[in-house]
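Single-structure report; data block below.
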Amino acid sequence: MRRLMLTLFLTVPSSATEAQIHLNGKKAYGIYVTSGMGYRNDKTSGVATGDASEGIYAVLDGTHYNGGCCFDYGNAETSNNDTGASHMETVYFGNRKGRQSGAGSGPWILADLENGLWASSSSASSFFGNPTIDYRFVTAIVKGELGNHWSIRGGDAGAGSTLSTFWSGGRPAGYNPMHKEGAIVLGVGGDNSNFAVGTFYEGAMTQGYPSDQTENAVQADIAAAKYST
């Protein structure tokens with residue numbers, strides 16, 4: 001699984017010490033994003049474009065979020081502008097109510113596909129199959145493949161619980177085929193909207209659509225790292 005680095009900061013870099021945790025009892029630090037902060041790389045290689053298949057996972061702080069736009073990690077526009085629906089495919093975490101939210105008051109793992117946060121293909125404003133997430137450490141997954149199919153999965157990264165699938169099916173109207181552009185963002189929207197907060201600990205993007213079994217193996221590795229505060 002190829003890890004893709006983010007090399008360009010937008011406004012101010014993340015604090016080096018704000019998000020201290022422990023992995024297997026040793027200190028480690030996440031990327032603590034506050035409003036006005038974020039990272040992106042518009043010149044990448046090996047990132048899915050167009051309607052090509054892709055997988056994205058991230059481990060996040062389930063207690064650090066807001067309703068601002070948009071705490072994203074994943075594939076976005078190379079121009080730093082909103083170029084229309086289907087030009088993004090990212091993991092979103094927070095309690096923003098965009099085109100669609102999940103059950104309860106949030107936060108939720110959603111997909112930012114540009115011009116909309118989505119939990120399913122439904123046109124309803126809420127999709128109750130996508131639950132509010134209250135874990136301290138969250139594994140969040142968004143993946144999409146050629147042929148009008150995508151999924152959202154998630155679980156407790158700290159406890160190493162089994163991943164749950166919150167959506168697996170067709171894309172919302174207007175999002176098939178996809179027109180992914182291949183930039184990588186962290187903590188901002190595709191158009192550089194930087195009003196969100198969140199904490200990122202680890203993640204990866206893949207070419208190709210990972211199987212559930214592969215993601216379950218990644219979750220087992222995350223559990224073995226023993227995330228703790």
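Residues are named by chain letter and number: chains run A, B, ... in the order of the structure tokens, numbers start at 1 in each chain, and ligands are numbered from 1 in the order shown.
The set of residues in stretch 66-147 of chain A assigned to strand (DSSP E or B) by DSSP, using only backbone atoms of this structure, is Asp72, Tyr73, Gly74, Asn75, Ala76, Glu89, Thr90, Val91, Tyr92, Phe93, Gly94, Ser101, Trp108, Ile109, Leu110, Ala111, Asp112, Leu117, Trp118, Ser126, Phe137, Val138, Thr139, Ala140, Ile141, Val142, Lys143, Gly144 and Glu145 of chain A.
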File dump, residues just selected, C-alpha atoms, as a short mmCIF file (atom, residue, chain, number, x, y, z; two decimals), in the first residue's frame:
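And here is the file that came out, result_8.cif:
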data_model
loop_
_atom_site.label_atom_id
_atom_site.label_comp_id
_atom_site.auth_asym_id
_atom_site.auth_seq_id
_atom_site.Cartn_x
_atom_site.Cartn_y
_atom_site.Cartn_z
CA ASP A 72 -11.06 16.15 4.42
CA TYR A 73 -8.31 13.68 3.56
CA GLY A 74 -8.06 12.38 0.05
CA ASN A 75 -8.32 13.20 -3.64
CA ALA A 76 -9.22 16.76 -4.74
CA GLU A 89 -13.22 11.72 -3.39
CA THR A 90 -12.17 12.17 0.23
CA VAL A 91 -12.80 10.99 3.76
CA TYR A 92 -14.68 13.69 5.67
CA PHE A 93 -15.05 13.73 9.47
CA GLY A 94 -17.17 16.19 11.43
CA SER A 101 -25.63 13.70 7.07
CA TRP A 108 -19.95 11.21 11.02
CA ILE A 109 -17.64 9.57 8.53
CA LEU A 110 -18.86 10.90 5.20
CA ALA A 111 -17.50 11.24 1.68
CA ASP A 112 -16.80 14.70 0.30
CA LEU A 117 -21.06 15.49 1.70
CA TRP A 118 -22.59 12.06 1.22
CA SER A 126 -30.07 12.20 6.42
CA PHE A 137 -9.63 7.08 17.85
CA VAL A 138 -11.55 6.53 14.62
CA THR A 139 -10.65 4.45 11.57
CA ALA A 140 -12.41 6.06 8.60
CA ILE A 141 -12.55 4.62 5.08
CA VAL A 142 -13.95 5.85 1.76
CA LYS A 143 -13.37 3.88 -1.43
CA GLY A 144 -14.78 3.96 -4.94
CA GLU A 145 -14.45 1.81 -8.04
#
* To do: Might you pull out every residue within 6 Å of stretch 199-212 of chain A, with only C-alpha atoms counted and same-chain residues fewer than 4 positions away left off, and present them as a PyMOL selection string?
  => chain A and resi 3+30-33+48+53-61+145
* Just the residues within 9 Å of A:Arg171, please, counting only C-alpha atoms, with nothing from its chain fewer than 3 positions along; format it as number ranges by chain. => A: 120-122, 144, 148-150, 174-177
Requested write-out: N, CA, C and O atoms of the selected residues, as a JSON list (two decimals), in the first residue's frame:
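again-v8.json, written as the output of this step:
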[["chain", "number", "residue", "atom", "x", "y", "z"],
["A", 120, "SER", "N", -24.59, 8.12, 1.38],
["A", 120, "SER", "CA", -25.22, 7.07, 0.58],
["A", 120, "SER", "C", -25.56, 7.66, -0.79],
["A", 120, "SER", "O", -25.16, 8.79, -1.11],
["A", 121, "SER", "N", -26.33, 6.93, -1.58],
["A", 121, "SER", "CA", -26.78, 7.46, -2.86],
["A", 121, "SER", "C", -28.15, 8.12, -2.75],
["A", 121, "SER", "O", -28.66, 8.67, -3.73],
["A", 122, "SER", "N", -28.75, 8.07, -1.58],
["A", 122, "SER", "CA", -30.09, 8.61, -1.38],
["A", 122, "SER", "C", -30.09, 10.14, -1.53],
["A", 122, "SER", "O", -29.10, 10.80, -1.25],
["A", 144, "GLY", "N", -13.90, 3.97, -3.78],
["A", 144, "GLY", "CA", -14.78, 3.96, -4.94],
["A", 144, "GLY", "C", -14.15, 3.20, -6.08],
["A", 144, "GLY", "O", -12.92, 3.17, -6.22],
["A", 148, "ASN", "N", -19.65, 2.54, -10.96],
["A", 148, "ASN", "CA", -20.69, 3.16, -10.12],
["A", 148, "ASN", "C", -20.87, 2.42, -8.80],
["A", 148, "ASN", "O", -21.98, 2.04, -8.42],
["A", 149, "HIS", "N", -19.76, 2.24, -8.07],
["A", 149, "HIS", "CA", -19.85, 1.60, -6.77],
["A", 149, "HIS", "C", -18.85, 2.26, -5.82],
["A", 149, "HIS", "O", -17.71, 2.54, -6.18],
["A", 150, "TRP", "N", -19.30, 2.51, -4.59],
["A", 150, "TRP", "CA", -18.42, 3.07, -3.58],
["A", 150, "TRP", "C", -18.89, 2.65, -2.20],
["A", 150, "TRP", "O", -20.02, 2.14, -2.04],
["A", 174, "GLY", "N", -25.60, 12.40, -10.31],
["A", 174, "GLY", "CA", -24.67, 13.45, -10.71],
["A", 174, "GLY", "C", -23.22, 13.15, -10.39],
["A", 174, "GLY", "O", -22.34, 13.99, -10.68],
["A", 175, "TYR", "N", -22.95, 11.97, -9.80],
["A", 175, "TYR", "CA", -21.59, 11.64, -9.40],
["A", 175, "TYR", "C", -21.06, 10.38, -10.11],
["A", 175, "TYR", "O", -20.10, 9.78, -9.65],
["A", 176, "ASN", "N", -21.67, 10.00, -11.17],
["A", 176, "ASN", "CA", -21.19, 8.88, -11.96],
["A", 176, "ASN", "C", -21.24, 9.25, -13.44],
["A", 176, "ASN", "O", -22.31, 9.62, -13.95],
["A", 177, "PRO", "N", -20.09, 9.19, -14.13],
["A", 177, "PRO", "CA", -18.78, 8.76, -13.62],
["A", 177, "PRO", "C", -18.11, 9.85, -12.79],
["A", 177, "PRO", "O", -18.52, 11.00, -12.80]]
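Coordinates place atom CA of A:His179 at a distance of 26.8 Å from atom CA of A:Val197.
Distance-wise, atom CA of A:Ala173 and atom CA of A:Ala119 end up 12.9 Å apart.
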* **Close residues, A:Ala183 itself excluded, 9 Å, only C-alpha atoms, min 3 positions apart in chain, as an NGL selection string** => :A and (40-44 or 47 or 74-80 or 88 or 180 or 190)
* To do: From a DSSP pass on the backbone, collect the residues of stretch 27-216 of chain A flagged as alpha helix (DSSP H) and hand them back as a list in words.
  => Asp212, Gln213, Thr214, Glu215 and Asn216 of chain A
Go ahead and write the residues just picked, N, CA and C atoms, as a PDB file, in the first residue's frame.
ATOM      1  N   ASP A 212     -12.569  -5.634   1.428  1.00  0.00           N
ATOM      2  CA  ASP A 212     -12.858  -5.524   2.854  1.00  0.00           C
ATOM      3  C   ASP A 212     -11.830  -6.307   3.673  1.00  0.00           C
ATOM      4  N   GLN A 213     -11.381  -7.428   3.155  1.00  0.00           N
ATOM      5  CA  GLN A 213     -10.413  -8.246   3.868  1.00  0.00           C
ATOM      6  C   GLN A 213      -9.086  -7.501   4.037  1.00  0.00           C
ATOM      7  N   THR A 214      -8.664  -6.784   3.005  1.00  0.00           N
ATOM      8  CA  THR A 214      -7.443  -5.983   3.110  1.00  0.00           C
ATOM      9  C   THR A 214      -7.589  -4.910   4.169  1.00  0.00           C
ATOM     10  N   GLU A 215      -8.723  -4.247   4.159  1.00  0.00           N
ATOM     11  CA  GLU A 215      -8.952  -3.196   5.156  1.00  0.00           C
ATOM     12  C   GLU A 215      -9.049  -3.765   6.567  1.00  0.00           C
ATOM     13  N   ASN A 216      -9.610  -4.947   6.698  1.00  0.00           N
ATOM     14  CA  ASN A 216      -9.662  -5.585   8.010  1.00  0.00           C
ATOM     15  C   ASN A 216      -8.254  -5.897   8.513  1.00  0.00           C
TER      16      ASN A 216
END
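Nearest residue to A:Arg136, choosing from A:Leu113, A:Ala85, A:Ala159, A:Ala16 and counting only C-alpha atoms: A:Ala159.
When atom CA of A:Pro131 is paired with atom CA of A:Ala103, their separation reads 5.0 Å.
Shell of A:Arg153 at 6 Å, with only C-alpha atoms counted and residues fewer than 3 places along the chain excluded, is A:Ile141, A:Ser164, A:Thr165, A:Phe166.
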Would you put the residues from that selection into a file with N, CA, C and O atoms, as an mmCIF file, in the first residue's frame?
data_model
loop_
_atom_site.group_PDB
_atom_site.id
_atom_site.type_symbol
_atom_site.label_atom_id
_atom_site.label_comp_id
_atom_site.auth_asym_id
_atom_site.auth_seq_id
_atom_site.Cartn_x
_atom_site.Cartn_y
_atom_site.Cartn_z
ATOM 1 N N ILE A 141 -12.866 5.119 6.422
ATOM 2 C CA ILE A 141 -12.545 4.616 5.085
ATOM 3 C C ILE A 141 -13.585 5.088 4.082
ATOM 4 O O ILE A 141 -14.793 5.000 4.329
ATOM 5 N N SER A 164 -17.060 -1.700 10.397
ATOM 6 C CA SER A 164 -18.447 -1.782 9.939
ATOM 7 C C SER A 164 -18.568 -1.096 8.589
ATOM 8 O O SER A 164 -17.857 -0.125 8.306
ATOM 9 N N THR A 165 -19.466 -1.580 7.761
ATOM 10 C CA THR A 165 -19.753 -0.952 6.477
ATOM 11 C C THR A 165 -21.029 -0.130 6.616
ATOM 12 O O THR A 165 -22.098 -0.665 6.899
ATOM 13 N N PHE A 166 -20.906 1.176 6.439
ATOM 14 C CA PHE A 166 -22.046 2.081 6.592
ATOM 15 C C PHE A 166 -22.751 2.333 5.259
ATOM 16 O O PHE A 166 -23.925 2.705 5.242
#
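Minimum distance to A:Asn95 across A:Asn66, A:Asn194, A:Ser14, A:Thr49 (counting only C-alpha atoms) occurs at A:Asn66.
The nearest approach to A:Ser123 among the residues A:Ser105, A:Asn24, A:Gln100, A:Thr83, with only C-alpha atoms taken into account, belongs to A:Gln100.
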